[in-house]
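Text of coords-v8.cif, listed as mmCIF, C-alpha atoms and all ligand atoms:
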```cif
data_run
#
loop_
_atom_site.label_atom_id
_atom_site.label_comp_id
_atom_site.auth_asym_id
_atom_site.auth_seq_id
_atom_site.Cartn_x
_atom_site.Cartn_y
_atom_site.Cartn_z
CA MET A 1 -15.24 -28.70 -19.40
CA SER A 2 -17.91 -30.93 -20.85
CA GLU A 3 -21.44 -29.91 -21.74
CA ASN A 4 -23.14 -28.43 -18.72
CA THR A 5 -26.87 -27.87 -19.01
CA ASP A 6 -27.08 -26.57 -15.46
CA ARG A 7 -24.71 -23.68 -16.12
CA PHE A 8 -26.20 -20.29 -15.18
CA GLU A 9 -28.58 -21.81 -12.62
CA ILE A 10 -26.52 -20.02 -9.98
CA ALA A 11 -26.35 -16.33 -10.83
CA HIS A 12 -23.66 -15.12 -8.45
CA LEU A 13 -22.30 -14.80 -4.94
CA ALA A 14 -24.88 -12.62 -3.19
CA ARG A 15 -23.64 -12.27 0.36
CA VAL A 16 -21.13 -13.41 2.97
CA GLU A 17 -21.26 -13.25 6.74
CA LEU A 18 -17.96 -12.74 8.51
CA PHE A 19 -17.37 -13.34 12.19
CA SER A 20 -15.15 -10.90 14.00
CA PRO A 21 -13.81 -10.71 17.53
CA LYS A 22 -13.30 -6.98 16.91
CA PRO A 23 -16.62 -6.06 15.27
CA GLN A 24 -16.28 -2.29 15.55
CA GLU A 25 -12.79 -2.30 14.04
CA THR A 26 -13.94 -4.67 11.31
CA GLU A 27 -16.89 -2.40 10.54
CA ASP A 28 -14.56 0.63 10.44
CA PHE A 29 -12.28 -1.22 8.03
CA PHE A 30 -15.13 -1.81 5.57
CA THR A 31 -16.73 1.61 5.92
CA ARG A 32 -13.72 3.95 6.27
CA PHE A 33 -11.23 2.20 4.01
CA LEU A 34 -13.45 0.35 1.55
CA GLY A 35 -16.36 2.80 1.48
CA MET A 36 -19.12 0.33 2.19
CA TYR A 37 -22.52 1.57 3.40
CA VAL A 38 -24.16 0.29 6.58
CA THR A 39 -27.77 -0.60 5.76
CA GLN A 40 -28.95 -2.31 8.95
CA ARG A 41 -28.02 -3.18 12.50
CA GLU A 42 -29.58 -6.13 14.27
CA GLY A 43 -28.44 -7.81 17.48
CA GLN A 44 -24.70 -8.43 17.30
CA SER A 45 -24.65 -7.95 13.52
CA VAL A 46 -24.21 -5.11 11.09
CA TYR A 47 -25.11 -5.32 7.39
CA LEU A 48 -23.16 -3.55 4.65
CA ARG A 49 -23.13 -3.16 0.91
CA GLY A 50 -20.80 -1.74 -1.73
CA TYR A 51 -22.18 1.08 -3.85
CA GLU A 52 -23.01 -1.26 -6.75
CA ASP A 53 -24.23 -4.22 -4.74
CA PRO A 54 -27.84 -4.74 -5.84
CA TYR A 55 -29.36 -6.07 -2.62
CA GLN A 56 -29.80 -4.83 0.93
CA TRP A 57 -26.44 -6.24 1.90
CA SER A 58 -23.51 -8.25 0.61
CA LEU A 59 -21.56 -8.38 3.86
CA LYS A 60 -22.75 -9.09 7.38
CA ILE A 61 -20.33 -8.68 10.25
CA THR A 62 -21.29 -10.61 13.35
CA GLU A 63 -19.50 -10.37 16.66
CA SER A 64 -17.95 -13.66 17.67
CA ASP A 65 -15.01 -14.84 19.73
CA GLN A 66 -13.19 -16.01 16.59
CA ALA A 67 -12.83 -14.76 13.04
CA GLY A 68 -14.31 -16.90 10.28
CA MET A 69 -17.15 -17.19 7.82
CA GLY A 70 -20.67 -17.39 9.22
CA HIS A 71 -22.10 -18.38 5.90
CA ALA A 72 -21.99 -17.53 2.20
CA ALA A 73 -25.07 -17.43 -0.01
CA LEU A 74 -25.32 -17.89 -3.76
CA ARG A 75 -28.32 -16.46 -5.55
CA THR A 76 -29.96 -18.69 -8.15
CA SER A 77 -31.12 -17.40 -11.52
CA SER A 78 -34.82 -18.17 -10.88
CA PRO A 79 -37.09 -19.71 -8.23
CA GLU A 80 -37.22 -22.90 -10.31
CA ALA A 81 -33.42 -23.02 -10.46
CA LEU A 82 -33.36 -22.89 -6.67
CA GLU A 83 -35.72 -25.87 -6.45
CA ARG A 84 -33.69 -27.79 -9.03
CA ARG A 85 -30.36 -27.14 -7.32
CA VAL A 86 -31.75 -28.14 -3.92
CA LYS A 87 -33.18 -31.33 -5.41
CA SER A 88 -29.81 -32.14 -6.90
CA LEU A 89 -28.07 -31.60 -3.55
CA LYS A 90 -30.62 -33.77 -1.76
CA ASP A 91 -30.42 -36.49 -4.42
CA GLY A 92 -26.67 -36.43 -3.84
CA ASN A 93 -27.21 -36.94 -0.10
CA VAL A 94 -26.22 -33.38 0.77
CA ASP A 95 -28.60 -32.55 3.57
CA GLY A 96 -29.73 -29.10 4.52
CA ARG A 97 -32.66 -27.12 5.79
CA TRP A 98 -34.85 -24.26 4.71
CA SER A 99 -34.84 -21.02 6.65
CA GLU A 100 -36.05 -17.48 6.19
CA ASP A 101 -34.27 -15.44 8.80
CA GLN A 102 -31.84 -13.16 6.95
CA PHE A 103 -32.60 -9.47 6.59
CA GLY A 104 -33.49 -8.56 2.99
CA PHE A 105 -33.60 -12.15 1.70
CA GLY A 106 -36.34 -14.77 1.54
CA LYS A 107 -36.49 -18.54 1.60
CA THR A 108 -32.98 -19.94 1.85
CA PHE A 109 -31.58 -23.46 1.65
CA GLU A 110 -28.69 -23.94 4.07
CA TYR A 111 -26.25 -26.82 3.86
CA HIS A 112 -22.64 -27.72 4.55
CA SER A 113 -20.03 -28.19 1.85
CA ALA A 114 -18.17 -31.51 1.74
CA ASP A 115 -15.55 -29.82 3.93
CA GLY A 116 -17.99 -28.27 6.41
CA HIS A 117 -18.39 -24.70 5.13
CA ASN A 118 -21.80 -23.12 5.76
CA LEU A 119 -23.29 -22.43 2.34
CA SER A 120 -26.75 -21.27 1.28
CA LEU A 121 -28.82 -20.95 -1.87
CA VAL A 122 -31.42 -18.23 -2.19
CA TRP A 123 -33.62 -16.69 -4.87
CA GLU A 124 -35.76 -14.09 -3.10
CA ALA A 125 -33.70 -10.94 -2.59
CA GLU A 126 -34.91 -7.45 -1.79
CA LYS A 127 -33.36 -4.84 -4.04
CA TYR A 128 -31.64 -1.93 -2.38
CA VAL A 129 -33.38 1.39 -3.04
CA ALA A 130 -31.30 4.37 -2.02
CA PRO A 131 -32.79 7.29 -0.15
CA GLU A 132 -32.94 10.49 -2.20
CA GLU A 133 -29.59 11.83 -0.94
CA LEU A 134 -27.74 8.64 -1.93
CA ARG A 135 -29.37 8.18 -5.34
CA SER A 136 -26.88 8.11 -8.23
CA LYS A 137 -27.43 9.88 -11.54
CA ILE A 138 -25.94 6.78 -13.20
CA LEU A 139 -29.00 4.58 -13.60
CA SER A 140 -27.27 1.19 -13.32
CA ARG A 141 -25.73 2.27 -10.00
CA PRO A 142 -28.00 1.68 -6.99
CA SER A 143 -26.26 4.35 -4.91
CA LYS A 144 -23.69 7.11 -5.18
CA LYS A 145 -20.02 6.27 -5.01
CA PRO A 146 -19.18 7.27 -1.44
CA LEU A 147 -16.49 9.77 -0.51
CA SER A 148 -14.67 7.44 1.83
CA GLY A 149 -11.41 5.56 1.42
CA ILE A 150 -11.08 3.67 -1.87
CA PRO A 151 -14.64 2.36 -2.25
CA VAL A 152 -15.30 -1.15 -3.56
CA LYS A 153 -18.13 -1.59 -6.04
CA ARG A 154 -19.44 -4.96 -4.91
CA ILE A 155 -18.71 -8.35 -3.49
CA ASP A 156 -16.85 -10.50 -6.01
CA HIS A 157 -15.93 -14.02 -4.96
CA LEU A 158 -15.27 -16.47 -2.20
CA ASN A 159 -12.20 -18.62 -1.62
CA LEU A 160 -12.58 -21.63 0.64
CA MET A 161 -9.77 -23.61 2.28
CA ALA A 162 -10.43 -27.32 2.37
CA SER A 163 -8.84 -30.56 3.43
CA ASN A 164 -10.03 -32.07 0.15
CA VAL A 165 -10.37 -29.75 -2.83
CA THR A 166 -11.78 -32.38 -5.18
CA SER A 167 -14.80 -33.21 -3.03
CA VAL A 168 -15.73 -29.54 -2.64
CA LYS A 169 -15.22 -28.98 -6.38
CA ASN A 170 -17.30 -32.02 -7.30
CA GLU A 171 -20.27 -30.70 -5.33
CA PHE A 172 -20.17 -27.34 -7.08
CA GLU A 173 -19.92 -29.02 -10.47
CA ARG A 174 -22.49 -31.78 -9.92
CA HIS A 175 -25.17 -29.96 -7.97
CA LEU A 176 -24.78 -26.24 -8.71
CA GLY A 177 -23.79 -26.23 -12.39
CA PHE A 178 -20.39 -24.63 -11.87
CA ARG A 179 -17.59 -25.11 -14.39
CA THR A 180 -14.05 -25.47 -13.16
CA THR A 181 -12.23 -22.88 -15.24
CA GLU A 182 -8.76 -23.52 -13.83
CA ARG A 183 -7.13 -25.85 -11.34
CA VAL A 184 -3.75 -26.61 -9.84
CA VAL A 185 -2.46 -30.14 -9.39
CA ASP A 186 0.44 -31.44 -7.35
CA GLY A 187 1.10 -34.80 -8.96
CA ASP A 188 -2.29 -36.50 -9.00
CA GLU A 189 -3.80 -34.32 -6.30
CA GLU A 190 -5.90 -31.25 -6.95
CA ILE A 191 -4.76 -28.51 -4.62
CA GLY A 192 -6.75 -25.65 -6.08
CA ALA A 193 -9.90 -25.18 -8.19
CA TRP A 194 -11.48 -22.00 -9.57
CA MET A 195 -15.15 -22.46 -10.34
CA SER A 196 -17.67 -20.35 -12.17
CA SER A 197 -21.39 -20.38 -12.85
CA ASN A 198 -21.35 -17.40 -15.20
CA ILE A 199 -18.69 -15.76 -17.36
CA LEU A 200 -16.39 -14.66 -14.55
CA GLY A 201 -13.26 -16.68 -13.89
CA HIS A 202 -14.70 -17.71 -10.55
CA GLU A 203 -17.35 -16.91 -7.99
CA VAL A 204 -15.96 -19.64 -5.75
CA ALA A 205 -12.47 -21.06 -5.44
CA CYS A 206 -11.17 -23.80 -3.23
CA MET A 207 -7.58 -24.33 -2.14
CA ARG A 208 -6.02 -27.08 -0.06
CA ASP A 209 -5.42 -26.21 3.56
CA MET A 210 -1.74 -27.10 3.92
CA THR A 211 -2.25 -27.59 7.66
CA GLY A 212 -4.86 -30.29 6.99
CA GLY A 213 -7.63 -28.16 8.54
CA ARG A 214 -11.24 -28.37 7.39
CA GLY A 215 -13.97 -25.94 6.53
CA LYS A 216 -12.08 -22.66 6.80
CA LEU A 217 -12.39 -19.42 4.93
CA HIS A 218 -9.40 -18.34 2.88
CA HIS A 219 -10.77 -14.99 1.74
CA VAL A 220 -13.68 -12.94 0.53
CA ALA A 221 -12.96 -10.65 -2.40
CA PHE A 222 -14.47 -7.28 -3.25
CA TYR A 223 -14.38 -5.76 -6.71
CA TYR A 224 -12.88 -2.49 -7.90
CA GLY A 225 -12.85 -3.03 -11.65
CA THR A 226 -9.93 -0.61 -11.92
CA GLY A 227 -6.40 -1.88 -11.50
CA GLN A 228 -5.02 1.41 -10.24
CA HIS A 229 -7.36 1.22 -7.24
CA ASN A 230 -5.37 -1.74 -5.92
CA MET A 231 -2.24 0.41 -5.85
CA ASP A 232 -4.13 3.31 -4.28
CA ALA A 233 -5.57 0.94 -1.68
CA ALA A 234 -2.11 -0.47 -0.93
CA GLU A 235 -0.84 3.06 -0.21
CA MET A 236 -3.83 3.70 2.01
CA PHE A 237 -3.36 0.45 3.94
CA ARG A 238 0.38 1.09 4.33
CA ASP A 239 -0.25 4.59 5.70
CA TYR A 240 -2.98 3.48 8.09
CA ASP A 241 -1.29 0.29 9.35
CA VAL A 242 -3.64 -2.23 7.81
CA GLN A 243 -1.67 -5.45 7.39
CA ILE A 244 -0.95 -6.22 3.73
CA GLU A 245 -0.23 -9.87 2.94
CA ALA A 246 0.64 -9.69 -0.75
CA GLY A 247 0.23 -7.57 -3.86
CA PRO A 248 -0.72 -5.59 -5.74
CA ASP A 249 0.04 -7.99 -8.59
CA VAL A 250 -1.77 -10.08 -11.18
CA HIS A 251 -2.53 -13.79 -10.85
CA GLY A 252 -1.77 -16.03 -13.82
CA ILE A 253 -4.71 -18.12 -12.60
CA THR A 254 -7.83 -16.07 -13.54
CA GLN A 255 -5.64 -13.09 -14.61
CA GLY A 256 -7.29 -11.20 -11.77
CA GLN A 257 -5.49 -8.28 -10.13
CA PHE A 258 -5.04 -8.91 -6.44
CA LEU A 259 -4.22 -7.24 -3.17
CA TYR A 260 -4.58 -9.27 0.02
CA VAL A 261 -4.98 -7.66 3.42
CA PHE A 262 -6.11 -8.79 6.84
CA GLU A 263 -9.05 -6.92 8.29
CA PRO A 264 -8.65 -6.15 12.02
CA GLY A 265 -10.77 -9.16 13.05
CA GLY A 266 -8.26 -11.49 11.36
CA ASN A 267 -10.10 -12.46 8.16
CA ARG A 268 -8.22 -12.21 4.87
CA ILE A 269 -9.82 -9.84 2.36
CA GLU A 270 -8.87 -9.59 -1.31
CA LEU A 271 -9.28 -6.44 -3.35
CA PHE A 272 -9.88 -7.42 -6.93
CA GLY A 273 -8.77 -4.87 -9.51
CA GLU A 274 -9.70 -5.79 -13.06
CA ALA A 275 -11.75 -8.97 -13.27
CA GLY A 276 -9.31 -10.95 -15.39
CA TYR A 277 -10.19 -13.41 -18.12
CA LEU A 278 -13.90 -13.71 -19.00
CA HIS A 279 -15.14 -17.15 -19.98
CA LEU A 280 -17.31 -16.43 -23.00
CA ASP A 281 -16.44 -19.74 -24.69
CA PRO A 282 -19.22 -22.11 -23.56
CA ASP A 283 -17.26 -25.34 -23.96
CA ALA A 284 -13.76 -24.27 -23.02
CA GLN A 285 -11.58 -26.87 -21.37
CA THR A 286 -10.43 -26.58 -17.77
CA LYS A 287 -6.90 -25.17 -17.66
CA THR A 288 -4.62 -27.25 -15.43
CA TRP A 289 -1.58 -25.65 -13.82
CA GLN A 290 1.29 -27.89 -12.80
CA MET A 291 3.51 -27.08 -9.83
CA SER A 292 6.35 -26.40 -12.27
CA ASP A 293 4.42 -23.34 -13.52
CA ILE A 294 2.94 -22.28 -10.22
CA ASP A 295 4.99 -19.08 -9.88
CA THR A 296 3.30 -17.69 -13.00
CA GLY A 297 -0.04 -19.03 -11.80
CA LEU A 298 0.19 -17.25 -8.48
CA ALA A 299 1.66 -13.91 -9.52
CA ILE A 300 2.74 -12.89 -13.01
CA GLY A 301 4.71 -9.96 -11.64
CA GLY A 302 6.62 -12.08 -9.15
CA ALA A 303 4.89 -11.08 -5.89
CA LYS A 304 5.45 -13.70 -3.24
CA LEU A 305 2.40 -15.22 -1.60
CA PRO A 306 3.87 -16.06 1.82
CA TRP A 307 3.90 -19.69 2.87
CA GLU A 308 3.56 -18.73 6.53
CA THR A 309 0.15 -17.20 5.84
CA TYR A 310 -1.22 -17.63 2.33
CA PHE A 311 -1.03 -21.43 2.23
CA THR A 312 -1.59 -22.08 5.91
CA TYR A 313 -3.73 -19.39 7.49
CA GLY A 314 -7.49 -19.40 7.22
CA THR A 315 -10.28 -18.50 9.58
CA PRO A 316 -11.28 -19.61 12.11
CA SER A 317 -7.70 -20.05 13.23
CA PRO A 318 -6.60 -21.62 16.50
CA LEU A 319 -3.77 -19.07 16.58
CA SER A 320 -3.93 -15.31 16.28
CA LEU A 321 -2.46 -14.03 13.03
CA ASP A 322 0.75 -12.92 14.76
CA GLN A 323 1.11 -16.24 16.55
CA HIS A 324 0.42 -18.07 13.32
CA ILE A 325 3.12 -16.15 11.46
CA GLU A 326 5.61 -16.94 14.22
CA GLN A 327 4.71 -20.64 14.24
CA PHE A 328 4.83 -20.97 10.48
CA ALA A 329 7.84 -18.76 9.79
CA HIS A 330 9.85 -21.71 8.55
CA PHE A 331 7.03 -23.63 6.94
CA GLY A 332 7.41 -24.26 3.24
CA PRO A 333 6.77 -26.62 0.35
CA GLY A 334 7.29 -30.23 1.36
CA ALA A 335 6.86 -29.64 5.09
CA GLU A 336 6.18 -32.83 6.98
CA PRO A 337 2.59 -33.21 8.12
CA ALA A 338 3.87 -34.01 11.62
CA ALA A 339 5.51 -30.61 11.85
CA VAL A 340 2.26 -29.03 10.79
CA ALA A 341 0.31 -31.01 13.35
CA GLU A 342 2.60 -29.76 16.10
CA ALA A 343 2.16 -26.21 14.99
CA VAL A 344 -1.60 -26.20 14.83
CA GLU A 345 -4.12 -27.39 17.35
CA GLU A 346 -7.08 -29.42 16.23
CA THR A 347 -9.44 -27.24 14.23
CA PRO A 348 -13.12 -27.82 14.94
CA ILE A 349 -14.81 -29.58 12.06
CA GLU A 350 -18.16 -27.92 12.68
CA ILE A 351 -18.04 -24.17 12.51
CA ASP A 352 -20.61 -22.42 14.67
CA HIS A 353 -23.64 -21.73 12.60
CA SER A 354 -24.38 -18.09 12.00
CA ARG A 355 -27.93 -18.28 13.26
CA ALA A 356 -26.73 -19.17 16.73
CA VAL A 357 -24.90 -15.88 16.93
CA ALA A 358 -27.13 -13.71 14.78
CA GLY A 359 -30.18 -14.78 16.70
CA ALA A 360 -28.63 -13.96 20.08
CA PRO A 361 -30.34 -11.24 22.08
CA ALA A 362 -28.92 -7.76 21.53
FE FE A 401 -9.53 -14.52 -4.69
FE FE A 402 -6.55 -13.87 -5.53
#
```
In structure tokens, what does this structure look like?
Ligand SMILES: [Fe+2]
Ligand SMILES: [Fe+2]
Amino acid sequence: MSENTDRFEIAHLARVELFSPKPQETEDFFTRFLGMYVTQREGQSVYLRGYEDPYQWSLKITESDQAGMGHAALRTSSPEALERRVKSLKDGNVDGRWSEDQFGFGKTFEYHSADGHNLSLVWEAEKYVAPEELRSKILSRPSKKPLSGIPVKRIDHLNLMASNVTSVKNEFERHLGFRTTERVVDGDEEIGAWMSSNILGHEVACMRDMTGGRGKLHHVAFYYGTGQHNMDAAEMFRDYDVQIEAGPDVHGITQGQFLYVFEPGGNRIELFGEAGYLHLDPDAQTKTWQMSDIDTGLAIGGAKLPWETYFTYGTPSPLSLDQHIEQFAHFGPGAEPAAVAEAVEETPIEIDHSRAVAGAPA
């Protein structure tokens, strides 16, 4: 990574909106199993936060006919940083628009990533202030740790599936001041990039959609900070029939502890145990993983990330998760694009914008 004077202009991932065709079940998943608090209901949406999320919400669940990501918003480190990042996007011909219609947040710049994901930048954010009964005695904790499931502390990171990883990565580097901490290459092609604007291994990652689809969500991750919680959560999910995809194990890439599950609406959710490697070195070089070392990169302990889902399933998906698994049961490295094309219908390039749904009458 070369000198990057724009580093730290983006503070962190503040919030994500998920679409769900089963909004009540999705809400139950996040409240009962992951201990998130509901802070607001509005139209077809419900807003939630983990007990250490600083703002009014970090997760919005909006009813929709398909799973997927409504939008994701990054908070800048100052109002001036927001103006500078927007100017950089516009100078780079990345168009967008200003809005101010999200509960608990102010003026927001909305744009599409090079692959069509709905992304936003925001500075103004209302801090969550707990009512007396939810106030924690631990001063850095905005609310008590709830007595429900295995509670997550906060939102952690976003992983986007893309038809072209390099173009998404370039935008984050050029316009938002992200560093690419690690990447995976297959020959000359980048098939994965982990990008950071602070000292974490990543706030945003991007992986190639092996089906050739565009603009999908791979997963949203929530943070435990305690490795054992991933094992406890796995037991809970196993007992209560929540579909586990892979883990618990530790990635070589980022050294993060992972557990992947599918929430009932069909979106992939990652539970992040310990945060992994912290990037304190300001001019560290990007670490490049070759395919020959990918097994270590994916899972140090040998967990298998299934080809039929992990490298091919994102949301929105033209197939239900079960149908997808059936169609891709024999998919693997080196599959012919034609076979993929037969298995997957055309994925819409433009994902419905969240406002269209969130603004719908209740
Ligand atoms: Fe992740
Ligand atoms: Fe992961």
- Query: Do you know which residues are at most 8 Å from Asn230 in chain A counting only C-alpha atoms, after dropping those on the same chain fewer than 2 positions away, and could you put them as a ChimeraX atom specification?
  - Reply: /A:224,226-228,232-234,248,257-259,271-273
Spatial neighbours of range 37-50 of chain A, 6 Å, only C-alpha atoms, chain gap at least 3 places, as a PDB file with C-alpha atoms, keeping the file's coordinate frame:
```pdb
ATOM      1  CA  ASP A  53     -24.230  -4.220  -4.740  1.00  0.00           C
ATOM      2  CA  TRP A  57     -26.440  -6.240   1.900  1.00  0.00           C
ATOM      3  CA  SER A  58     -23.510  -8.250   0.610  1.00  0.00           C
ATOM      4  CA  LEU A  59     -21.560  -8.380   3.860  1.00  0.00           C
ATOM      5  CA  LYS A  60     -22.750  -9.090   7.380  1.00  0.00           C
ATOM      6  CA  ILE A  61     -20.330  -8.680  10.250  1.00  0.00           C
ATOM      7  CA  THR A  62     -21.290 -10.610  13.350  1.00  0.00           C
ATOM      8  CA  GLU A  63     -19.500 -10.370  16.660  1.00  0.00           C
ATOM      9  CA  VAL A 152     -15.300  -1.150  -3.560  1.00  0.00           C
ATOM     10  CA  LYS A 153     -18.130  -1.590  -6.040  1.00  0.00           C
ATOM     11  CA  ARG A 154     -19.440  -4.960  -4.910  1.00  0.00           C
ATOM     12  CA  ALA A 362     -28.920  -7.760  21.530  1.00  0.00           C
TER      13      ALA A 362
END
```
- Please identify all polymer residues within 9 Å of Val220 in chain A, counting only C-alpha atoms, omitting same-chain residues fewer than 5 positions from it, and present them as a list in words. Val16, Ile155, Asp156, His157, Leu158, Asn159, Leu160, Asn267, Arg268, Ile269, Glu270 and Leu271 of chain A
Write the residues you've just listed into a file as an mmCIF file, keeping the file's coordinate frame, and include C-alpha atoms for each of them.
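Written output follows (part-v6.cif):
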```
data_model
loop_
_atom_site.group_PDB
_atom_site.id
_atom_site.type_symbol
_atom_site.label_atom_id
_atom_site.label_comp_id
_atom_site.auth_asym_id
_atom_site.auth_seq_id
_atom_site.Cartn_x
_atom_site.Cartn_y
_atom_site.Cartn_z
ATOM 1 C CA VAL A 16 -21.130 -13.410 2.970
ATOM 2 C CA ILE A 155 -18.710 -8.350 -3.490
ATOM 3 C CA ASP A 156 -16.850 -10.500 -6.010
ATOM 4 C CA HIS A 157 -15.930 -14.020 -4.960
ATOM 5 C CA LEU A 158 -15.270 -16.470 -2.200
ATOM 6 C CA ASN A 159 -12.200 -18.620 -1.620
ATOM 7 C CA LEU A 160 -12.580 -21.630 0.640
ATOM 8 C CA ASN A 267 -10.100 -12.460 8.160
ATOM 9 C CA ARG A 268 -8.220 -12.210 4.870
ATOM 10 C CA ILE A 269 -9.820 -9.840 2.360
ATOM 11 C CA GLU A 270 -8.870 -9.590 -1.310
ATOM 12 C CA LEU A 271 -9.280 -6.440 -3.350
#
```
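When the distance limit is 7 Å and all atoms listed in the file are what count, the residues near range 89-104 of chain A, minus those fewer than 4 positions from it on the same chain, are A:Gln56, A:Arg85, A:Thr108, A:Phe109, A:Glu110, A:Tyr111, A:Ala125, A:Glu126, A:His175.
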- Note on the structure: Pairwise distance, CA of Glu245 in chain A with CA of Phe29 in chain A, equals 15.7 Å
- Find the residue from A:Tyr51, A:Leu119, A:Lys145, A:Gly70 that sits nearest to Val204 in chain A; use all atoms listed in the file when measuring.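 Residue with the minimum atom-to-atom distance to Val204 in chain A: A:Leu119.
When CA of Thr166 in chain A is paired with CA of Arg183 in chain A, their separation reads 10.1 Å.
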Enclosing box along x, y and z for every listed atom of range 243-254 of chain A, padded 8 Å each side, centre and size in Å, one decimal, as AutoDock Vina command-line options:
```
--center_x -3.6 --center_y -11.8 --center_z -3.2 --size_x 24.5 --size_y 28.7 --size_z 37.2
```
- Task: Would you please work out which residue, of A:Glu182, A:Glu308, A:Glu171, A:Asp249, is nearest to ligand FE 402 (chain A) when using only C-alpha atoms and all ligand atoms?
- Result: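 The closest residue to ligand FE 402 (chain A) is A:Asp249.
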- Using all atoms listed in the file, which residues sit within 12 Å of Ala303 in chain A once same-chain residues fewer than 2 positions away are excluded, as a list of chain:residue names? A:Glu245, A:Ala246, A:Gly247, A:Pro248, A:Asp249, A:Val250, A:His251, A:Gly252, A:Gln257, A:Phe258, A:Leu259, A:Tyr260, A:Asp295, A:Thr296, A:Gly297, A:Leu298, A:Ala299, A:Ile300, A:Gly301, A:Leu305, A:Pro306
